[in-house]
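J.: Before anything else, here's the structure in question.
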Amino acid sequence: MITIASIAALKAALKQAKDKGQSIGFVPTMGALHEGHLELMRRAKKENGLLVVSIFVNPIQFNNKEDLDKYPRVPEADSKLLESVNCDILFAPEVEEMYPEPDTSDYDFGALGGVMEGAFRPGHFNGVAIVVRKLFEITEPDKAYFGEKDFQQLAIIQQLVKMLNLPVQIVPCAIVREADGLAMSSRNMRLTVEERRVAPKIFQILTKAVSLKNVLSPAEMRHWVWEQLSAEKAFRLDYVEISDDRLLQPVEHWNDAPGAVIFIALFLGQVRLIDNMRIF
Ligand code: PAF
């Protein structure tokens with residue numbers, strides 16, 4: 001694996017690979033890698049000639065300075081994990097390299113951008129869109145891989161690619177969970193032992209809710225999940241939503257949408273966790 005920090009050096013390395021006819025599989029990350037990331041990378045490696053991973057904690061997608069400061073940074077452990085999946089190129093730029101000037105692009109994702117994470121984290125998706133577009137323009141990947149844990153982010157990126165006709169195929173990948181059901185996330189490493197013990201309740205409650213889909217309406221299921229999560233004192237809920245799987249708008253009747261997904265966001269101590277589960 002080679003580690004590259006400059007855009008010019010990355011472009012030169014990628015040109016060599018492209019000249020040899022190698023396809024490029026790209027996995028953008030903010031580091032603190034876990035098995036969920038590694039699954040994306042294994043798939044990208046299998047489906048492409050070259051695996052390129054970026055690690056860049058993108059400051060402009062954090063709407064909370066403390067969250068940015070506390071975001072886990074473990075470069076040595078990350079490098080070992082990247083070697084274990086035979087990553088070819090790690091792109092790890094500094095902030096000045098990515099943003100020599102502030103990028104003032106302002107994207108409008110319509111209804112998709114206004115709900116859930118869009119409503120609770122103002123500016124977050126604009127920051128994601130700016131950095132992902134830049135990374136795509138620098139890397140020019142054939143395929144880019146994103147996890148469904150960040151389901152709304154994935155939908156935003158798919159919309160961005162359509163809006164701008166970006167020549168990249170977005171490959172969605174299933175959520176990877178710990179043995180006890182907790183969705184893997186870089187933020188999990190900030191949970192205390194006691195919080196980590198409580199966290200799998202999210203998965204248990206979502207699983208039970210989905211099993212009740214034939215007896216509960218969407219509103220009843222949403223209420224049931226809200227009540228169950230609220231009963232756990234350690235959880236502070238941001239939202240519970242049952243939404244269609246395209247524009248992520250609230251579903252009133254199960255047959256309103258071909259696909260429905262339940263989404264939650266909550267704080268466990270200082271750590272904000274999100275999760276989702278497909279209902280139909
Ligand atoms: O999901 C993430 O880790 C980030 O939002 C991404 C896509 C790498 C953009 O910074």
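Going by the structure tokens order, chains are called A, B, ..., each with residues numbered from 1, while ligands are numbered from 1 in the order shown.
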Taking only C-alpha atoms and all ligand atoms into account, list the residues no farther than 7 Å from ligand 1, as a PyMOL selection string.
T.: chain A and resi 28-30+56-58+128+131-132+150
J.: Those residues with N, CA, C and O atoms, as a short mmCIF file (atom, residue, chain, number, x, y, z; two decimals), in the first residue's frame please?
T.:
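Contents of again.cif, freshly written:
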data_model
loop_
_atom_site.label_atom_id
_atom_site.label_comp_id
_atom_site.auth_asym_id
_atom_site.auth_seq_id
_atom_site.Cartn_x
_atom_site.Cartn_y
_atom_site.Cartn_z
N PRO A 28 -14.49 6.06 0.34
CA PRO A 28 -14.17 7.24 1.14
C PRO A 28 -14.51 7.01 2.60
O PRO A 28 -15.58 6.46 2.91
N THR A 29 -13.63 7.39 3.51
CA THR A 29 -13.89 7.20 4.95
C THR A 29 -13.35 8.40 5.73
O THR A 29 -12.61 9.22 5.19
N MET A 30 -13.69 8.41 7.01
CA MET A 30 -13.08 9.39 7.92
C MET A 30 -12.19 8.66 8.91
O MET A 30 -11.88 9.18 9.99
N PHE A 56 -10.18 11.07 5.59
CA PHE A 56 -10.17 12.53 5.74
C PHE A 56 -11.32 12.90 6.65
O PHE A 56 -12.49 12.68 6.30
N VAL A 57 -11.00 13.41 7.83
CA VAL A 57 -12.05 13.87 8.75
C VAL A 57 -12.45 15.25 8.25
O VAL A 57 -11.73 16.23 8.44
N ASN A 58 -13.58 15.27 7.57
CA ASN A 58 -14.01 16.45 6.82
C ASN A 58 -14.64 17.49 7.75
O ASN A 58 -15.80 17.33 8.15
N VAL A 128 -20.98 17.01 3.35
CA VAL A 128 -20.71 15.67 2.80
C VAL A 128 -20.65 15.76 1.27
O VAL A 128 -19.74 15.23 0.63
N VAL A 131 -17.40 17.40 -0.06
CA VAL A 131 -16.18 16.59 0.02
C VAL A 131 -16.27 15.37 -0.90
O VAL A 131 -15.29 15.01 -1.56
N VAL A 132 -17.45 14.76 -0.99
CA VAL A 132 -17.57 13.57 -1.83
C VAL A 132 -17.40 13.95 -3.31
O VAL A 132 -16.71 13.27 -4.07
N ASP A 150 -25.53 4.56 7.01
CA ASP A 150 -25.80 5.98 6.72
C ASP A 150 -26.72 6.03 5.50
O ASP A 150 -26.34 6.48 4.42
#
J.: For Glu137 of chain A, list every protein, DNA or RNA residue within 10 Å, evaluated using only C-alpha atoms, and leave out those in the same chain fewer than 6 positions away; present the list as a PDB file with all heavy atoms, in the first residue's frame.
T.:
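And here is the file that came out, around.pdb:
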ATOM      1  N   VAL A 131     -17.402  17.399  -0.056  1.00  0.00           N
ATOM      2  CA  VAL A 131     -16.181  16.591   0.016  1.00  0.00           C
ATOM      3  C   VAL A 131     -16.271  15.374  -0.904  1.00  0.00           C
ATOM      4  O   VAL A 131     -15.289  15.009  -1.561  1.00  0.00           O
ATOM      5  CB  VAL A 131     -15.841  16.195   1.474  1.00  0.00           C
ATOM      6  CG1 VAL A 131     -16.657  15.029   1.972  1.00  0.00           C
ATOM      7  CG2 VAL A 131     -14.364  15.873   1.600  1.00  0.00           C
ATOM      8  N   LEU A 166     -22.309  12.700 -12.516  1.00  0.00           N
ATOM      9  CA  LEU A 166     -20.938  12.259 -12.221  1.00  0.00           C
ATOM     10  C   LEU A 166     -20.756  10.824 -12.735  1.00  0.00           C
ATOM     11  O   LEU A 166     -21.623   9.972 -12.522  1.00  0.00           O
ATOM     12  CB  LEU A 166     -20.660  12.329 -10.716  1.00  0.00           C
ATOM     13  CG  LEU A 166     -20.822  13.712 -10.074  1.00  0.00           C
ATOM     14  CD1 LEU A 166     -20.599  13.646  -8.559  1.00  0.00           C
ATOM     15  CD2 LEU A 166     -19.861  14.722 -10.692  1.00  0.00           C
ATOM     16  N   PRO A 167     -19.630  10.570 -13.421  1.00  0.00           N
ATOM     17  CA  PRO A 167     -19.460   9.249 -14.047  1.00  0.00           C
ATOM     18  C   PRO A 167     -18.944   8.191 -13.069  1.00  0.00           C
ATOM     19  O   PRO A 167     -17.833   7.688 -13.204  1.00  0.00           O
ATOM     20  CB  PRO A 167     -18.435   9.534 -15.149  1.00  0.00           C
ATOM     21  CG  PRO A 167     -17.626  10.662 -14.604  1.00  0.00           C
ATOM     22  CD  PRO A 167     -18.508  11.477 -13.706  1.00  0.00           C
ATOM     23  N   VAL A 168     -19.738   7.872 -12.068  1.00  0.00           N
ATOM     24  CA  VAL A 168     -19.324   6.879 -11.072  1.00  0.00           C
ATOM     25  C   VAL A 168     -20.543   6.050 -10.698  1.00  0.00           C
ATOM     26  O   VAL A 168     -21.656   6.575 -10.629  1.00  0.00           O
ATOM     27  CB  VAL A 168     -18.724   7.574  -9.818  1.00  0.00           C
ATOM     28  CG1 VAL A 168     -19.634   8.637  -9.258  1.00  0.00           C
ATOM     29  CG2 VAL A 168     -18.375   6.562  -8.731  1.00  0.00           C
TER      30      VAL A 168
END
J.: For each of A:Val240, A:Ile175, A:Ile138, A:Ile279, take the minimum atom-to-atom distance to Thr207 of chain A, counting only C-alpha atoms, then give the residue where this is smallest.
T.: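 Checking each candidate against Thr207 of chain A, we get A:Ile279 as the closest.
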J.: Rank nothing, just name the residue among A:Lys162, A:Gly123, A:Ala265, A:Met98 nearest to Asn64 of chain A, using only C-alpha atoms.
T.: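 Checking each candidate against Asn64 of chain A, we get A:Gly123 as the closest.
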J.: Find the residues near Thr139 of chain A: any atom within 9 Å, counting only C-alpha atoms, skip ones fewer than 3 places away on the same chain, and give them as a list in words.
T.: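 So the residues in contact are Ile7, Leu10, Lys11, Leu14, Ile24, Phe26, Val52, Lys134, Leu135 and Phe136 of chain A.
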J.: Could you please take those selected residues and save C-alpha atoms as a PDB file, in the first residue's frame?
T.:
ATOM      1  CA  ILE A   7      -3.841  15.556  -4.852  1.00  0.00           C
ATOM      2  CA  LEU A  10      -2.640  10.799  -6.222  1.00  0.00           C
ATOM      3  CA  LYS A  11      -3.671  11.854  -9.726  1.00  0.00           C
ATOM      4  CA  LEU A  14      -4.069   6.870 -10.678  1.00  0.00           C
ATOM      5  CA  ILE A  24     -10.729   1.975  -9.678  1.00  0.00           C
ATOM      6  CA  PHE A  26     -13.060   3.823  -4.125  1.00  0.00           C
ATOM      7  CA  VAL A  52      -8.273   3.386  -3.271  1.00  0.00           C
ATOM      8  CA  LYS A 134     -14.184  16.723  -4.616  1.00  0.00           C
ATOM      9  CA  LEU A 135     -13.007  13.184  -3.839  1.00  0.00           C
ATOM     10  CA  PHE A 136     -14.812  11.832  -6.908  1.00  0.00           C
TER      11      PHE A 136
END
J.: I'd like to know which residues of segment 22-77 of chain A are helix (DSSP H, G or I) (by DSSP, run on the backbone); could you write them as a list in words?
T.: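 Going through segment 22-77 of chain A, the helix (DSSP H, G or I) residues come out as Glu35, Gly36, His37, Leu38, Glu39, Leu40, Met41, Arg42, Arg43, Ala44, Lys45, Lys46, Glu47, Pro59, Ile60, Gln61, Lys65, Glu66, Asp67, Leu68, Asp69, Lys70, Pro75, Glu76 and Ala77 of chain A.
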J.: Go ahead and write the residues just picked, N, CA and C atoms, as a compact mmCIF listing (two decimals), in the first residue's frame.
T.:
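Final output, selection-v9.txt:
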# COMPACT_ATOMS: atom_id res chain seq x y z
N GLU A 35 -15.00 -3.20 10.94
CA GLU A 35 -15.36 -4.28 10.02
C GLU A 35 -16.33 -3.81 8.92
N GLY A 36 -17.19 -2.84 9.25
CA GLY A 36 -18.11 -2.31 8.23
C GLY A 36 -17.35 -1.71 7.06
N HIS A 37 -16.34 -0.89 7.38
CA HIS A 37 -15.50 -0.31 6.32
C HIS A 37 -14.78 -1.42 5.54
N LEU A 38 -14.26 -2.40 6.32
CA LEU A 38 -13.44 -3.45 5.68
C LEU A 38 -14.27 -4.26 4.69
N GLU A 39 -15.55 -4.44 5.01
CA GLU A 39 -16.44 -5.16 4.08
C GLU A 39 -16.58 -4.38 2.76
N LEU A 40 -16.71 -3.05 2.87
CA LEU A 40 -16.79 -2.23 1.65
C LEU A 40 -15.51 -2.40 0.84
N MET A 41 -14.40 -2.42 1.56
CA MET A 41 -13.09 -2.49 0.88
C MET A 41 -12.87 -3.84 0.23
N ARG A 42 -13.28 -4.91 0.92
CA ARG A 42 -13.11 -6.25 0.34
C ARG A 42 -13.90 -6.34 -0.96
N ARG A 43 -15.11 -5.79 -0.91
CA ARG A 43 -15.94 -5.86 -2.12
C ARG A 43 -15.33 -5.00 -3.24
N ALA A 44 -14.87 -3.81 -2.88
CA ALA A 44 -14.27 -2.92 -3.88
C ALA A 44 -13.03 -3.56 -4.49
N LYS A 45 -12.26 -4.24 -3.66
CA LYS A 45 -11.03 -4.90 -4.14
C LYS A 45 -11.39 -6.03 -5.12
N LYS A 46 -12.45 -6.77 -4.77
CA LYS A 46 -12.86 -7.90 -5.60
C LYS A 46 -13.37 -7.44 -6.97
N GLU A 47 -14.05 -6.29 -6.97
CA GLU A 47 -14.73 -5.86 -8.19
C GLU A 47 -13.90 -4.92 -9.06
N PRO A 59 -13.92 18.57 8.06
CA PRO A 59 -14.44 19.48 9.11
C PRO A 59 -15.77 20.10 8.74
N ILE A 60 -16.03 20.31 7.45
CA ILE A 60 -17.23 21.07 7.09
C ILE A 60 -18.51 20.24 7.15
N GLN A 61 -18.42 18.96 7.47
CA GLN A 61 -19.67 18.20 7.62
C GLN A 61 -20.06 18.04 9.10
N LYS A 65 -18.62 21.58 16.88
CA LYS A 65 -17.15 21.60 16.97
C LYS A 65 -16.63 20.50 17.90
N GLU A 66 -17.38 20.24 18.99
CA GLU A 66 -16.94 19.23 19.95
C GLU A 66 -16.93 17.85 19.30
N ASP A 67 -17.95 17.60 18.46
CA ASP A 67 -18.05 16.31 17.76
C ASP A 67 -16.82 16.14 16.85
N LEU A 68 -16.45 17.21 16.16
CA LEU A 68 -15.27 17.17 15.28
C LEU A 68 -14.01 16.91 16.10
N ASP A 69 -13.86 17.64 17.20
CA ASP A 69 -12.65 17.49 18.02
C ASP A 69 -12.54 16.07 18.59
N LYS A 70 -13.71 15.50 18.93
CA LYS A 70 -13.67 14.18 19.59
C LYS A 70 -13.74 13.03 18.61
N PRO A 75 -4.58 6.61 13.24
CA PRO A 75 -3.94 6.33 11.94
C PRO A 75 -3.14 5.03 11.90
N GLU A 76 -2.47 4.68 13.00
CA GLU A 76 -1.65 3.45 12.93
C GLU A 76 -2.51 2.20 12.81
N ALA A 77 -3.55 2.15 13.66
CA ALA A 77 -4.46 0.99 13.59
C ALA A 77 -5.13 0.94 12.20
J.: Step one, run DSSP on the backbone; step two, keep only residues of segment 88-251 of chain A assigned to strand (DSSP E or B); then write them as a VMD selection string.
T.: chain A and resid 89 to 91 143 to 147 169 to 173 177 183 235 to 244 250
J.: So that I have them on file, write out the residues from the current selection with N, CA, C and O atoms, as an mmCIF file, in the first residue's frame.
T.:
data_model
loop_
_atom_site.group_PDB
_atom_site.id
_atom_site.type_symbol
_atom_site.label_atom_id
_atom_site.label_comp_id
_atom_site.auth_asym_id
_atom_site.auth_seq_id
_atom_site.Cartn_x
_atom_site.Cartn_y
_atom_site.Cartn_z
ATOM 1 N N ILE A 89 -3.956 2.048 -2.519
ATOM 2 C CA ILE A 89 -3.573 3.444 -2.264
ATOM 3 C C ILE A 89 -4.435 4.001 -1.134
ATOM 4 O O ILE A 89 -5.676 3.922 -1.179
ATOM 5 N N LEU A 90 -3.764 4.566 -0.124
ATOM 6 C CA LEU A 90 -4.469 5.341 0.903
ATOM 7 C C LEU A 90 -4.229 6.812 0.598
ATOM 8 O O LEU A 90 -3.082 7.268 0.516
ATOM 9 N N PHE A 91 -5.329 7.542 0.406
ATOM 10 C CA PHE A 91 -5.242 8.990 0.215
ATOM 11 C C PHE A 91 -5.614 9.646 1.532
ATOM 12 O O PHE A 91 -6.754 9.493 1.999
ATOM 13 N N LYS A 143 -16.250 2.793 -9.500
ATOM 14 C CA LYS A 143 -17.294 2.476 -8.524
ATOM 15 C C LYS A 143 -16.897 3.043 -7.164
ATOM 16 O O LYS A 143 -15.711 3.004 -6.813
ATOM 17 N N ALA A 144 -17.900 3.516 -6.410
ATOM 18 C CA ALA A 144 -17.640 3.975 -5.034
ATOM 19 C C ALA A 144 -18.625 3.270 -4.118
ATOM 20 O O ALA A 144 -19.801 3.098 -4.460
ATOM 21 N N TYR A 145 -18.144 2.887 -2.939
ATOM 22 C CA TYR A 145 -18.876 1.978 -2.042
ATOM 23 C C TYR A 145 -19.278 2.713 -0.758
ATOM 24 O O TYR A 145 -18.430 3.349 -0.115
ATOM 25 N N PHE A 146 -20.571 2.599 -0.417
ATOM 26 C CA PHE A 146 -21.095 3.277 0.779
ATOM 27 C C PHE A 146 -21.973 2.314 1.565
ATOM 28 O O PHE A 146 -22.726 1.526 0.981
ATOM 29 N N GLY A 147 -21.915 2.427 2.891
ATOM 30 C CA GLY A 147 -22.690 1.543 3.755
ATOM 31 C C GLY A 147 -24.103 2.057 3.978
ATOM 32 O O GLY A 147 -24.337 3.275 4.035
ATOM 33 N N GLN A 169 -20.304 4.765 -10.497
ATOM 34 C CA GLN A 169 -21.407 3.899 -10.039
ATOM 35 C C GLN A 169 -21.343 3.794 -8.518
ATOM 36 O O GLN A 169 -20.305 3.444 -7.950
ATOM 37 N N ILE A 170 -22.464 4.120 -7.882
ATOM 38 C CA ILE A 170 -22.515 4.028 -6.415
ATOM 39 C C ILE A 170 -22.982 2.624 -6.036
ATOM 40 O O ILE A 170 -24.019 2.154 -6.525
ATOM 41 N N VAL A 171 -22.214 1.981 -5.173
ATOM 42 C CA VAL A 171 -22.541 0.614 -4.759
ATOM 43 C C VAL A 171 -22.953 0.618 -3.281
ATOM 44 O O VAL A 171 -22.110 0.828 -2.397
ATOM 45 N N PRO A 172 -24.264 0.419 -3.002
ATOM 46 C CA PRO A 172 -24.697 0.366 -1.603
ATOM 47 C C PRO A 172 -24.327 -0.979 -0.985
ATOM 48 O O PRO A 172 -24.433 -2.011 -1.642
ATOM 49 N N CYS A 173 -23.904 -0.976 0.275
ATOM 50 C CA CYS A 173 -23.522 -2.223 0.954
ATOM 51 C C CYS A 173 -24.263 -2.320 2.287
ATOM 52 O O CYS A 173 -24.422 -1.313 2.993
ATOM 53 N N ARG A 177 -23.063 -5.579 11.492
ATOM 54 C CA ARG A 177 -23.382 -5.450 12.922
ATOM 55 C C ARG A 177 -22.423 -6.279 13.769
ATOM 56 O O ARG A 177 -21.896 -7.287 13.314
ATOM 57 N N ALA A 183 -25.014 -1.770 15.328
ATOM 58 C CA ALA A 183 -24.477 -1.419 14.007
ATOM 59 C C ALA A 183 -23.065 -0.876 14.177
ATOM 60 O O ALA A 183 -22.821 -0.027 15.038
ATOM 61 N N PHE A 235 -30.855 6.427 26.918
ATOM 62 C CA PHE A 235 -31.057 6.947 25.554
ATOM 63 C C PHE A 235 -31.731 8.319 25.592
ATOM 64 O O PHE A 235 -32.715 8.511 26.305
ATOM 65 N N ARG A 236 -31.227 9.243 24.788
ATOM 66 C CA ARG A 236 -31.918 10.533 24.566
ATOM 67 C C ARG A 236 -32.227 10.610 23.077
ATOM 68 O O ARG A 236 -31.324 10.740 22.241
ATOM 69 N N LEU A 237 -33.509 10.505 22.751
ATOM 70 C CA LEU A 237 -33.881 10.337 21.341
ATOM 71 C C LEU A 237 -33.874 11.652 20.553
ATOM 72 O O LEU A 237 -34.357 12.667 21.052
ATOM 73 N N ASP A 238 -33.341 11.594 19.346
ATOM 74 C CA ASP A 238 -33.530 12.696 18.394
ATOM 75 C C ASP A 238 -34.778 12.412 17.556
ATOM 76 O O ASP A 238 -35.656 13.244 17.446
ATOM 77 N N TYR A 239 -34.813 11.256 16.921
ATOM 78 C CA TYR A 239 -36.005 10.940 16.122
ATOM 79 C C TYR A 239 -36.192 9.443 15.936
ATOM 80 O O TYR A 239 -35.242 8.658 16.063
ATOM 81 N N VAL A 240 -37.450 9.091 15.670
ATOM 82 C CA VAL A 240 -37.814 7.767 15.159
ATOM 83 C C VAL A 240 -38.683 8.068 13.947
ATOM 84 O O VAL A 240 -39.651 8.820 14.048
ATOM 85 N N GLU A 241 -38.340 7.543 12.784
ATOM 86 C CA GLU A 241 -39.143 7.795 11.580
ATOM 87 C C GLU A 241 -39.354 6.503 10.812
ATOM 88 O O GLU A 241 -38.470 5.643 10.783
ATOM 89 N N ILE A 242 -40.536 6.406 10.201
ATOM 90 C CA ILE A 242 -40.785 5.303 9.273
ATOM 91 C C ILE A 242 -41.014 5.957 7.928
ATOM 92 O O ILE A 242 -41.951 6.757 7.758
ATOM 93 N N SER A 243 -40.123 5.666 6.989
ATOM 94 C CA SER A 243 -40.097 6.445 5.754
ATOM 95 C C SER A 243 -39.943 5.538 4.544
ATOM 96 O O SER A 243 -39.478 4.393 4.670
ATOM 97 N N ASP A 244 -40.307 6.086 3.382
ATOM 98 C CA ASP A 244 -40.097 5.330 2.145
ATOM 99 C C ASP A 244 -38.579 5.267 1.881
ATOM 100 O O ASP A 244 -37.819 6.074 2.418
ATOM 101 N N PRO A 250 -42.036 10.440 5.418
ATOM 102 C CA PRO A 250 -42.829 9.601 6.318
ATOM 103 C C PRO A 250 -43.910 8.813 5.577
ATOM 104 O O PRO A 250 -44.555 9.330 4.666
#
J.: Mind pulling up the distance from atom CA of Val85 of chain A to atom CA of Leu273 of chain A?
T.: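 These two atoms are separated by 26.5 Å.
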J.: Residues of segment 155-206 of chain A that have any atom at most 12 Å from an atom of segment 266-269 of chain A: could you tabulate them with the shortest-distance atom pair and the distance in Å to one decimal, using only C-alpha atoms, ordered by chain and increasing number, as CSV?
T.:
residue,atom,partner,partner_atom,distance
A:Arg187,CA,A:Leu268,CA,10.7
A:Asn188,CA,A:Leu268,CA,10.0
A:Arg190,CA,A:Gly269,CA,9.4
A:Leu191,CA,A:Gly269,CA,7.6
A:Thr192,CA,A:Gly269,CA,8.4
A:Val193,CA,A:Gly269,CA,11.3
A:Glu194,CA,A:Gly269,CA,10.0
A:Glu195,CA,A:Leu268,CA,6.6
A:Arg196,CA,A:Leu268,CA,9.0
A:Arg197,CA,A:Leu268,CA,11.0
A:Val198,CA,A:Leu268,CA,8.7
A:Ala199,CA,A:Leu268,CA,7.6
A:Pro200,CA,A:Leu268,CA,11.3
A:Lys201,CA,A:Leu268,CA,11.3
A:Ile202,CA,A:Leu266,CA,9.5
J.: Include N, CA, C and O atoms and write out the residues we just selected as a PDB file, in the first residue's frame.
T.:
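Generated output (result_20.pdb):
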ATOM      1  N   ARG A 187     -17.954   5.720  15.836  1.00  0.00           N
ATOM      2  CA  ARG A 187     -18.295   6.386  17.100  1.00  0.00           C
ATOM      3  C   ARG A 187     -18.436   5.386  18.254  1.00  0.00           C
ATOM      4  O   ARG A 187     -18.381   5.792  19.419  1.00  0.00           O
ATOM      5  N   ASN A 188     -18.649   4.096  17.951  1.00  0.00           N
ATOM      6  CA  ASN A 188     -18.864   3.119  19.030  1.00  0.00           C
ATOM      7  C   ASN A 188     -17.675   3.067  19.977  1.00  0.00           C
ATOM      8  O   ASN A 188     -17.829   2.750  21.156  1.00  0.00           O
ATOM      9  N   ARG A 190     -16.213   5.313  21.314  1.00  0.00           N
ATOM     10  CA  ARG A 190     -16.307   6.345  22.361  1.00  0.00           C
ATOM     11  C   ARG A 190     -17.308   5.980  23.455  1.00  0.00           C
ATOM     12  O   ARG A 190     -17.470   6.719  24.429  1.00  0.00           O
ATOM     13  N   LEU A 191     -17.999   4.843  23.297  1.00  0.00           N
ATOM     14  CA  LEU A 191     -18.974   4.431  24.321  1.00  0.00           C
ATOM     15  C   LEU A 191     -18.243   3.904  25.547  1.00  0.00           C
ATOM     16  O   LEU A 191     -17.223   3.208  25.414  1.00  0.00           O
ATOM     17  N   THR A 192     -18.763   4.187  26.726  1.00  0.00           N
ATOM     18  CA  THR A 192     -18.198   3.596  27.946  1.00  0.00           C
ATOM     19  C   THR A 192     -18.632   2.122  27.991  1.00  0.00           C
ATOM     20  O   THR A 192     -19.517   1.700  27.228  1.00  0.00           O
ATOM     21  N   VAL A 193     -18.036   1.363  28.911  1.00  0.00           N
ATOM     22  CA  VAL A 193     -18.380  -0.062  29.020  1.00  0.00           C
ATOM     23  C   VAL A 193     -19.882  -0.215  29.284  1.00  0.00           C
ATOM     24  O   VAL A 193     -20.563  -1.038  28.656  1.00  0.00           O
ATOM     25  N   GLU A 194     -20.418   0.614  30.160  1.00  0.00           N
ATOM     26  CA  GLU A 194     -21.841   0.516  30.503  1.00  0.00           C
ATOM     27  C   GLU A 194     -22.707   0.907  29.287  1.00  0.00           C
ATOM     28  O   GLU A 194     -23.717   0.255  28.980  1.00  0.00           O
ATOM     29  N   GLU A 195     -22.312   1.966  28.591  1.00  0.00           N
ATOM     30  CA  GLU A 195     -23.087   2.386  27.400  1.00  0.00           C
ATOM     31  C   GLU A 195     -23.033   1.296  26.323  1.00  0.00           C
ATOM     32  O   GLU A 195     -24.035   1.015  25.660  1.00  0.00           O
ATOM     33  N   ARG A 196     -21.863   0.688  26.179  1.00  0.00           N
ATOM     34  CA  ARG A 196     -21.717  -0.370  25.159  1.00  0.00           C
ATOM     35  C   ARG A 196     -22.631  -1.555  25.485  1.00  0.00           C
ATOM     36  O   ARG A 196     -23.138  -2.233  24.589  1.00  0.00           O
ATOM     37  N   ARG A 197     -22.857  -1.786  26.798  1.00  0.00           N
ATOM     38  CA  ARG A 197     -23.724  -2.883  27.224  1.00  0.00           C
ATOM     39  C   ARG A 197     -25.191  -2.591  26.846  1.00  0.00           C
ATOM     40  O   ARG A 197     -25.937  -3.486  26.463  1.00  0.00           O
ATOM     41  N   VAL A 198     -25.567  -1.325  26.926  1.00  0.00           N
ATOM     42  CA  VAL A 198     -26.950  -0.925  26.670  1.00  0.00           C
ATOM     43  C   VAL A 198     -27.237  -0.795  25.156  1.00  0.00           C
ATOM     44  O   VAL A 198     -28.363  -1.036  24.697  1.00  0.00           O
ATOM     45  N   ALA A 199     -26.217  -0.423  24.397  1.00  0.00           N
ATOM     46  CA  ALA A 199     -26.404  -0.054  22.984  1.00  0.00           C
ATOM     47  C   ALA A 199     -27.138  -1.095  22.123  1.00  0.00           C
ATOM     48  O   ALA A 199     -27.953  -0.716  21.268  1.00  0.00           O
ATOM     49  N   PRO A 200     -26.926  -2.419  22.336  1.00  0.00           N
ATOM     50  CA  PRO A 200     -27.608  -3.399  21.473  1.00  0.00           C
ATOM     51  C   PRO A 200     -29.131  -3.375  21.613  1.00  0.00           C
ATOM     52  O   PRO A 200     -29.833  -3.986  20.792  1.00  0.00           O
ATOM     53  N   LYS A 201     -29.647  -2.678  22.630  1.00  0.00           N
ATOM     54  CA  LYS A 201     -31.109  -2.584  22.763  1.00  0.00           C
ATOM     55  C   LYS A 201     -31.723  -1.926  21.525  1.00  0.00           C
ATOM     56  O   LYS A 201     -32.880  -2.178  21.194  1.00  0.00           O
ATOM     57  N   ILE A 202     -30.956  -1.080  20.872  1.00  0.00           N
ATOM     58  CA  ILE A 202     -31.479  -0.430  19.653  1.00  0.00           C
ATOM     59  C   ILE A 202     -31.840  -1.510  18.634  1.00  0.00           C
ATOM     60  O   ILE A 202     -32.943  -1.529  18.087  1.00  0.00           O
TER      61      ILE A 202
END
J.: In Å, how far is it from atom CA of Met1 of chain A to atom CA of Cys87 of chain A?
T.: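 About the pair atom CA of Met1 of chain A and atom CA of Cys87 of chain A: they are 5.8 Å apart.
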